[in-house]
Amino acid sequence: MLFYKSWLETRWRFAIGLLLLAGSAVEVVFIYPKVMQLMPLVPMNGAGGELGRRIREGAALASTYRGYVWSQWMRQNLTQMGTLFAVLLGTGGLVPQGSRGAALFTLSLPASRSRLVGVRAAAGLAEFFVLAFVPCLLIPLLSPAVGESYASGSAIVHGLCAFVAGAVFFSLALLLSTVFGDLWRPLLITCAVAAALALCEPFVPGLARYGLFQVMSGAMYFRSGVLPWGGLVTSAAVTLALLYAARINFARHDF
C-alpha cells in the first residue's frame with residue numbers, strides 16, 4: 001500500500017521523465033548522420049579562445065560515433081535531464097501538504113515513520129533506476145538503424161554511473177522534503193546546489209576530474225575504460241547518509 005501510494009504521487013513525473021529521456025536518446029542516434037554531413041563545415045583552426053576550444057573539442061569527439069554519443073547523450077542530455085528528474089522524483093510526498101486531515105491520515109497508517117521514508121525512497125530510486133538505464137539501452141538497440149554500433153556493456157556502465165551519482169540529488173531532495181511541507185523549496189534548493197556544482201567543477205582541479213557530474217557522465221570510463229570507483233563509492237555513501245538523515249529528521253518531525 002505504501003509503495004503504491006508513493007507510485008501514485010510520482011507516476012506522472014516518472015512517465016514524463018521516461019518519455020523525454022527516451023525521446024532524447026532516440027534523437028541523439030538519428031541525428032548523427034546529419035551531424036556527419038555538417039562536420040566539414042566546422043572551423044578547426046580559425047576560432048580562438050574558450051569558444052574555439054570547445055568547438056574543436058566537440059568536433060574531435062564527434063569524429064567517432066562513441067565520442068559523439070558520449071558528448072551529446074551521456075555528458076549533456078542524460079546528465080542534465082537525469083539530474084532534473086532525480087530532483088523531481090525526490091521532492092515531496094513526506095511532510096503532508098494541504099489539510100491537517102491529510103497529515104493525520106498519513107501518520108495513522110500502520111507503519112513507522114522510518115518505514116514511510118524507506119518505502120518513499122525505494123519507490124523513487126526504483127523509478128530513477130529505470131530513467132537512468134532504459135534510455136541508455138536504447139542507444140545500442142537503435143544504432144544499427146544509422147549504420148553504427150554501440151556496445152551494450154558501455155550503455156550499462158553509463159546507466160550505472162548516471163544512477164549512482166544522480167541518486168545524490170534524489171536523496172538531497174528527499175531530505176529537504178522532510179524539512180519543508182511544500183514542493184517548491186526542496187526543488188529549488190536542490191536545483192541550486194546542482195547548478196552550483198556544475199559551475200564550480202570546471203574550475204576546481206579535483207572536481208574537474210572527480211566531481212559528481214564527471215562521475216554521472218562516466219567521463220573516466222569513456223576516456224580510459226576504467227570505472228570511477230572512487231566517485232561511485234563516494235556518491236553511494238553520500239546518498240546513504242542523506243537518506244539516513246531524512247529518516248532521522250522525519251522521525252523527529254512534530255506534525
# chains A, B, ... in the order shown; residues from 1 in each chain; ligands from 1

call {"tool": "residues_around", "arguments": {"residues": "A:Tyr150", "least_positions_apart": "2", "cutoff": "12 Å", "atoms": "only C-alpha atoms", "output": "list in words"}}
result
Val29, Thr64, Tyr65, Arg66, Gly67, Tyr68, Val69, Trp70, Cys136, Leu137, Leu138, Ile139, Pro140, Leu141, Leu142, Ser143, Pro144, Ala145, Val146, Gly147, Glu148, Ser152, Gly153, Ser154, Ala155 and Ile156 of chain A

call {"tool": "write_last_selection", "arguments": {"atoms": "N, CA and C atoms", "output": "tab-separated table (two decimals), in the first residue's frame"}}
result
chain	number	residue	atom	x	y	z
A	29	VAL	N	20.63	9.49	-31.55
A	29	VAL	CA	21.03	8.46	-32.51
A	29	VAL	C	20.70	8.88	-33.94
A	64	THR	N	34.09	10.26	-33.94
A	64	THR	CA	33.75	8.85	-33.78
A	64	THR	C	32.34	8.75	-33.20
A	65	TYR	N	31.67	7.68	-33.52
A	65	TYR	CA	30.29	7.52	-33.04
A	65	TYR	C	30.25	7.41	-31.52
A	66	ARG	N	31.21	6.68	-30.95
A	66	ARG	CA	31.25	6.54	-29.49
A	66	ARG	C	31.46	7.89	-28.83
A	67	GLY	N	32.38	8.70	-29.37
A	67	GLY	CA	32.62	10.03	-28.81
A	67	GLY	C	31.42	10.93	-28.96
A	68	TYR	N	30.75	10.83	-30.10
A	68	TYR	CA	29.54	11.64	-30.33
A	68	TYR	C	28.46	11.29	-29.31
A	69	VAL	N	28.21	10.01	-29.13
A	69	VAL	CA	27.16	9.58	-28.19
A	69	VAL	C	27.49	10.04	-26.78
A	70	TRP	N	28.76	9.89	-26.38
A	70	TRP	CA	29.11	10.31	-25.02
A	70	TRP	C	28.94	11.82	-24.84
A	136	CYS	N	19.51	4.70	-21.91
A	136	CYS	CA	20.87	4.30	-22.30
A	136	CYS	C	20.85	3.03	-23.15
A	137	LEU	N	19.97	2.09	-22.82
A	137	LEU	CA	19.91	0.85	-23.57
A	137	LEU	C	19.30	1.04	-24.95
A	138	LEU	N	18.58	2.14	-25.15
A	138	LEU	CA	18.07	2.42	-26.49
A	138	LEU	C	19.18	2.74	-27.48
A	139	ILE	N	20.31	3.26	-26.97
A	139	ILE	CA	21.42	3.64	-27.84
A	139	ILE	C	21.95	2.43	-28.62
A	140	PRO	N	22.35	1.32	-27.96
A	140	PRO	CA	22.83	0.17	-28.74
A	140	PRO	C	21.73	-0.49	-29.57
A	141	LEU	N	20.48	-0.40	-29.10
A	141	LEU	CA	19.39	-1.01	-29.86
A	141	LEU	C	19.11	-0.28	-31.16
A	142	LEU	N	19.23	1.04	-31.15
A	142	LEU	CA	18.87	1.84	-32.32
A	142	LEU	C	20.05	2.18	-33.22
A	143	SER	N	21.26	2.03	-32.73
A	143	SER	CA	22.43	2.43	-33.51
A	143	SER	C	22.53	1.74	-34.88
A	144	PRO	N	22.20	0.44	-35.00
A	144	PRO	CA	22.26	-0.17	-36.34
A	144	PRO	C	21.37	0.52	-37.37
A	145	ALA	N	20.35	1.24	-36.93
A	145	ALA	CA	19.47	1.93	-37.86
A	145	ALA	C	20.18	3.06	-38.59
A	146	VAL	N	21.29	3.57	-38.04
A	146	VAL	CA	22.07	4.62	-38.71
A	146	VAL	C	23.43	4.08	-39.15
A	147	GLY	N	23.54	2.76	-39.24
A	147	GLY	CA	24.76	2.13	-39.72
A	147	GLY	C	25.90	2.13	-38.74
A	148	GLU	N	25.61	2.25	-37.45
A	148	GLU	CA	26.65	2.27	-36.42
A	148	GLU	C	26.37	1.20	-35.38
A	152	SER	N	26.65	-2.65	-25.74
A	152	SER	CA	25.65	-2.69	-24.68
A	152	SER	C	26.30	-2.55	-23.30
A	153	GLY	N	27.51	-3.12	-23.15
A	153	GLY	CA	28.21	-3.01	-21.88
A	153	GLY	C	28.51	-1.57	-21.52
A	154	SER	N	28.89	-0.77	-22.50
A	154	SER	CA	29.15	0.65	-22.25
A	154	SER	C	27.88	1.37	-21.84
A	155	ALA	N	26.77	1.03	-22.49
A	155	ALA	CA	25.49	1.65	-22.14
A	155	ALA	C	25.10	1.33	-20.71
A	156	ILE	N	25.34	0.08	-20.30
A	156	ILE	CA	25.01	-0.32	-18.92
A	156	ILE	C	25.90	0.41	-17.91

call {"tool": "residues_around", "arguments": {"residues": "stretch 77-88 of chain A", "least_positions_apart": "2", "cutoff": "8 Å", "atoms": "only C-alpha atoms", "output": "PyMOL selection string"}}
result
chain A and resi 13-14+17+21+24+72-75+90-91+128+131-132+162+166-167+169-170+172-173+187+190-191+194+213+216-217

call {"tool": "atom_distance", "arguments": {"atom1": "atom CA of A:Gly92", "atom2": "atom CA of A:Pro186"}}
result
7.8 Å

call {"tool": "residues_around", "arguments": {"residues": "A:Ser71", "least_positions_apart": "6", "cutoff": "12 Å", "atoms": "only C-alpha atoms", "output": "PyMOL selection string"}}
result
chain A and resi 28+54+57-65+77-79+214+217-219+222-223

call {"tool": "write_last_selection", "arguments": {"atoms": "N, CA and C atoms", "output": "short mmCIF file (atom, residue, chain, number, x, y, z; two decimals), in the first residue's frame"}}
result
data_model
loop_
_atom_site.label_atom_id
_atom_site.label_comp_id
_atom_site.auth_asym_id
_atom_site.auth_seq_id
_atom_site.Cartn_x
_atom_site.Cartn_y
_atom_site.Cartn_z
N VAL A 28 19.30 11.68 -30.41
CA VAL A 28 20.77 11.67 -30.49
C VAL A 28 21.23 10.66 -31.54
N ARG A 54 36.20 24.84 -27.32
CA ARG A 54 35.04 23.97 -27.17
C ARG A 54 34.56 23.43 -28.51
N GLU A 57 36.99 20.73 -29.50
CA GLU A 57 36.80 19.54 -28.66
C GLU A 57 35.56 18.77 -29.09
N GLY A 58 34.45 19.51 -29.32
CA GLY A 58 33.22 18.86 -29.75
C GLY A 58 33.38 18.17 -31.09
N ALA A 59 34.08 18.83 -32.02
CA ALA A 59 34.30 18.22 -33.33
C ALA A 59 35.16 16.98 -33.22
N ALA A 60 36.19 17.02 -32.36
CA ALA A 60 37.05 15.86 -32.17
C ALA A 60 36.27 14.68 -31.59
N LEU A 61 35.41 14.96 -30.62
CA LEU A 61 34.61 13.89 -30.04
C LEU A 61 33.64 13.31 -31.05
N ALA A 62 33.03 14.18 -31.86
CA ALA A 62 32.04 13.73 -32.82
C ALA A 62 32.65 13.01 -34.01
N SER A 63 33.97 12.98 -34.08
CA SER A 63 34.61 12.29 -35.20
C SER A 63 34.43 10.78 -35.12
N THR A 64 34.09 10.26 -33.94
CA THR A 64 33.75 8.85 -33.78
C THR A 64 32.34 8.75 -33.20
N TYR A 65 31.67 7.68 -33.52
CA TYR A 65 30.29 7.52 -33.04
C TYR A 65 30.25 7.41 -31.52
N ASN A 77 22.76 15.51 -22.30
CA ASN A 77 21.33 15.25 -22.10
C ASN A 77 21.02 14.39 -20.88
N LEU A 78 21.72 13.26 -20.77
CA LEU A 78 21.45 12.36 -19.65
C LEU A 78 21.80 13.01 -18.32
N THR A 79 22.95 13.69 -18.27
CA THR A 79 23.38 14.32 -17.03
C THR A 79 22.44 15.44 -16.61
N GLN A 214 31.08 14.63 -13.29
CA GLN A 214 32.04 13.81 -14.02
C GLN A 214 31.75 12.33 -13.80
N SER A 217 28.44 11.39 -15.74
CA SER A 217 28.60 11.23 -17.19
C SER A 217 29.51 10.05 -17.56
N GLY A 218 30.15 9.46 -16.56
CA GLY A 218 31.08 8.36 -16.85
C GLY A 218 32.29 8.81 -17.64
N ALA A 219 32.78 10.03 -17.36
CA ALA A 219 33.89 10.60 -18.13
C ALA A 219 35.14 9.72 -18.04
N PHE A 222 34.75 6.63 -20.15
CA PHE A 222 34.83 6.94 -21.57
C PHE A 222 36.28 7.16 -22.01
N ARG A 223 37.05 7.87 -21.21
CA ARG A 223 38.41 8.24 -21.63
C ARG A 223 39.45 7.14 -21.40
#

call {"tool": "closest_residue", "arguments": {"among": "A:Val134, A:Ala246, A:Val226, A:Ala192", "to": "A:Phe180", "atoms": "only C-alpha atoms"}}
result
A:Ala246

call {"tool": "atom_distance", "arguments": {"atom1": "atom CA of A:Gly124", "atom2": "atom CA of A:Leu89"}}
result
5.7 Å

call {"tool": "closest_residue", "arguments": {"among": "A:Leu176, A:Ala165, A:Ala25, A:Val157", "to": "A:Tyr210", "atoms": "only C-alpha atoms"}}
result
A:Ala165

call {"tool": "residues_around", "arguments": {"residues": "A:Ser114", "least_positions_apart": "2", "cutoff": "9 Å", "atoms": "only C-alpha atoms", "output": "list in words"}}
result
Ala111, Ser112, Leu116, Val117, Gly118, Val119, Arg247, Ile248, Phe250 and Ala251 of chain A

call {"tool": "write_last_selection", "arguments": {"atoms": "C-alpha atoms", "output": "PDB file, in the first residue's frame"}}
result
ATOM      1  CA  ALA A 111       3.714   1.786   9.508  1.00  0.00           C
ATOM      2  CA  SER A 112       6.536   3.509  11.346  1.00  0.00           C
ATOM      3  CA  LEU A 116       7.381   5.605   5.377  1.00  0.00           C
ATOM      4  CA  VAL A 117      10.698   7.215   4.448  1.00  0.00           C
ATOM      5  CA  GLY A 118      12.211   3.885   3.385  1.00  0.00           C
ATOM      6  CA  VAL A 119       9.352   2.991   1.072  1.00  0.00           C
ATOM      7  CA  ARG A 247      14.780   9.110   8.209  1.00  0.00           C
ATOM      8  CA  ILE A 248      16.014  10.683  11.445  1.00  0.00           C
ATOM      9  CA  PHE A 250      11.174  12.678   9.642  1.00  0.00           C
ATOM     10  CA  ALA A 251      11.010  10.531  12.783  1.00  0.00           C
TER      11      ALA A 251
END

call {"tool": "atom_distance", "arguments": {"atom1": "atom CA of A:Thr239", "atom2": "atom CA of A:Ala121"}}
result
10.6 Å

call {"tool": "residues_around", "arguments": {"residues": "stretch 227-237 of chain A", "least_positions_apart": "4", "cutoff": "7 Å", "atoms": "only C-alpha atoms", "output": "mmCIF file with C-alpha atoms, in the first residue's frame"}}
result
data_model
loop_
_atom_site.group_PDB
_atom_site.id
_atom_site.type_symbol
_atom_site.label_atom_id
_atom_site.label_comp_id
_atom_site.auth_asym_id
_atom_site.auth_seq_id
_atom_site.Cartn_x
_atom_site.Cartn_y
_atom_site.Cartn_z
ATOM 1 C CA VAL A 164 24.573 6.172 -8.602
ATOM 2 C CA ALA A 165 25.670 9.800 -8.938
ATOM 3 C CA VAL A 168 22.706 12.009 -4.533
ATOM 4 C CA TYR A 210 36.301 13.521 -9.955
ATOM 5 C CA VAL A 215 31.002 10.602 -12.294
ATOM 6 C CA MET A 220 36.670 8.421 -16.669
ATOM 7 C CA TYR A 221 35.189 5.265 -18.187
ATOM 8 C CA ALA A 241 23.979 9.452 4.604
#

call {"tool": "select_by_dssp", "arguments": {"residues": "stretch 88-205 of chain A", "states": "alpha helix (DSSP H)", "output": "PyMOL selection string"}}
result
chain A and resi 88-90+100-108+113-142+152-177+184-200+205

call {"tool": "decode", "arguments": {"residues": "stretch 156-200 of chain A", "atoms": "N, CA and C atoms", "output": "tab-separated table (two decimals), in the first residue's frame"}}
result
chain	number	residue	atom	x	y	z
A	156	ILE	N	25.34	0.08	-20.30
A	156	ILE	CA	25.01	-0.32	-18.92
A	156	ILE	C	25.90	0.41	-17.91
A	157	VAL	N	27.19	0.53	-18.23
A	157	VAL	CA	28.12	1.24	-17.33
A	157	VAL	C	27.70	2.69	-17.17
A	158	HIS	N	27.37	3.35	-18.28
A	158	HIS	CA	26.97	4.75	-18.20
A	158	HIS	C	25.63	4.90	-17.47
A	159	GLY	N	24.74	3.94	-17.64
A	159	GLY	CA	23.49	3.98	-16.88
A	159	GLY	C	23.75	3.84	-15.39
A	160	LEU	N	24.71	2.96	-15.03
A	160	LEU	CA	25.08	2.78	-13.63
A	160	LEU	C	25.65	4.07	-13.05
A	161	CYS	N	26.56	4.71	-13.79
A	161	CYS	CA	27.16	5.96	-13.31
A	161	CYS	C	26.09	7.04	-13.13
A	162	ALA	N	25.18	7.14	-14.09
A	162	ALA	CA	24.12	8.15	-14.00
A	162	ALA	C	23.22	7.88	-12.80
A	163	PHE	N	22.92	6.61	-12.56
A	163	PHE	CA	22.03	6.27	-11.44
A	163	PHE	C	22.70	6.54	-10.09
A	164	VAL	N	23.91	6.06	-9.91
A	164	VAL	CA	24.57	6.17	-8.60
A	164	VAL	C	24.84	7.63	-8.25
A	165	ALA	N	25.37	8.39	-9.22
A	165	ALA	CA	25.67	9.80	-8.94
A	165	ALA	C	24.39	10.63	-8.85
A	166	GLY	N	23.43	10.36	-9.73
A	166	GLY	CA	22.17	11.11	-9.70
A	166	GLY	C	21.36	10.86	-8.44
A	167	ALA	N	21.56	9.69	-7.81
A	167	ALA	CA	20.84	9.39	-6.57
A	167	ALA	C	21.18	10.36	-5.45
A	168	VAL	N	22.34	11.00	-5.53
A	168	VAL	CA	22.71	12.01	-4.53
A	168	VAL	C	21.71	13.16	-4.56
A	169	PHE	N	21.34	13.62	-5.76
A	169	PHE	CA	20.38	14.72	-5.88
A	169	PHE	C	18.98	14.27	-5.45
A	170	PHE	N	18.63	13.03	-5.78
A	170	PHE	CA	17.35	12.49	-5.31
A	170	PHE	C	17.29	12.50	-3.79
A	171	SER	N	18.34	12.02	-3.15
A	171	SER	CA	18.36	11.92	-1.69
A	171	SER	C	18.36	13.28	-1.02
A	172	LEU	N	19.06	14.24	-1.62
A	172	LEU	CA	19.05	15.59	-1.06
A	172	LEU	C	17.64	16.19	-1.14
A	173	ALA	N	16.97	16.00	-2.27
A	173	ALA	CA	15.60	16.49	-2.40
A	173	ALA	C	14.67	15.80	-1.41
A	174	LEU	N	14.89	14.51	-1.18
A	174	LEU	CA	14.06	13.78	-0.21
A	174	LEU	C	14.29	14.30	1.19
A	175	LEU	N	15.56	14.54	1.54
A	175	LEU	CA	15.88	15.09	2.86
A	175	LEU	C	15.20	16.44	3.05
A	176	LEU	N	15.29	17.31	2.08
A	176	LEU	CA	14.67	18.63	2.19
A	176	LEU	C	13.15	18.53	2.24
A	177	SER	N	12.60	17.45	1.68
A	177	SER	CA	11.16	17.25	1.74
A	177	SER	C	10.69	16.84	3.13
A	178	THR	N	11.63	16.42	3.98
A	178	THR	CA	11.26	16.16	5.38
A	178	THR	C	11.36	17.43	6.22
A	179	VAL	N	11.91	18.48	5.63
A	179	VAL	CA	12.05	19.76	6.33
A	179	VAL	C	10.93	20.72	5.94
A	180	PHE	N	10.63	20.78	4.64
A	180	PHE	CA	9.63	21.72	4.13
A	180	PHE	C	8.38	20.96	3.68
A	181	GLY	N	7.24	21.59	3.90
A	181	GLY	CA	5.97	20.97	3.55
A	181	GLY	C	5.50	21.23	2.15
A	182	ASP	N	6.21	22.07	1.40
A	182	ASP	CA	5.80	22.37	0.03
A	182	ASP	C	6.74	21.68	-0.96
A	183	LEU	N	6.37	21.72	-2.23
A	183	LEU	CA	7.20	21.11	-3.26
A	183	LEU	C	8.32	22.01	-3.74
A	184	TRP	N	8.10	23.32	-3.69
A	184	TRP	CA	8.98	24.24	-4.37
A	184	TRP	C	10.32	24.44	-3.68
A	185	ARG	N	10.33	24.55	-2.37
A	185	ARG	CA	11.61	24.82	-1.71
A	185	ARG	C	12.61	23.66	-1.85
A	186	PRO	N	12.21	22.41	-1.61
A	186	PRO	CA	13.16	21.32	-1.86
A	186	PRO	C	13.63	21.28	-3.32
A	187	LEU	N	12.70	21.52	-4.24
A	187	LEU	CA	13.05	21.50	-5.65
A	187	LEU	C	14.06	22.59	-6.00
A	188	LEU	N	13.77	23.82	-5.57
A	188	LEU	CA	14.64	24.94	-5.93
A	188	LEU	C	15.99	24.87	-5.23
A	189	ILE	N	16.01	24.47	-3.97
A	189	ILE	CA	17.28	24.39	-3.25
A	189	ILE	C	18.18	23.32	-3.86
A	190	THR	N	17.61	22.14	-4.16
A	190	THR	CA	18.42	21.07	-4.74
A	190	THR	C	18.91	21.44	-6.13
A	191	CYS	N	18.06	22.07	-6.92
A	191	CYS	CA	18.49	22.53	-8.25
A	191	CYS	C	19.59	23.58	-8.14
A	192	ALA	N	19.49	24.45	-7.12
A	192	ALA	CA	20.52	25.46	-6.92
A	192	ALA	C	21.85	24.80	-6.55
A	193	VAL	N	21.81	23.77	-5.71
A	193	VAL	CA	23.03	23.04	-5.35
A	193	VAL	C	23.63	22.38	-6.58
A	194	ALA	N	22.78	21.76	-7.40
A	194	ALA	CA	23.27	21.11	-8.62
A	194	ALA	C	23.89	22.13	-9.58
A	195	ALA	N	23.24	23.28	-9.73
A	195	ALA	CA	23.77	24.32	-10.61
A	195	ALA	C	25.11	24.84	-10.10
A	196	ALA	N	25.23	25.01	-8.78
A	196	ALA	CA	26.49	25.48	-8.21
A	196	ALA	C	27.61	24.47	-8.45
A	197	LEU	N	27.31	23.20	-8.29
A	197	LEU	CA	28.32	22.17	-8.56
A	197	LEU	C	28.73	22.18	-10.02
A	198	ALA	N	27.75	22.31	-10.91
A	198	ALA	CA	28.04	22.32	-12.34
A	198	ALA	C	28.93	23.50	-12.72
A	199	LEU	N	28.71	24.64	-12.09
A	199	LEU	CA	29.51	25.83	-12.39
A	199	LEU	C	30.91	25.74	-11.79
A	200	CYS	N	31.02	25.09	-10.63
A	200	CYS	CA	32.32	25.03	-9.94
A	200	CYS	C	33.24	23.95	-10.50
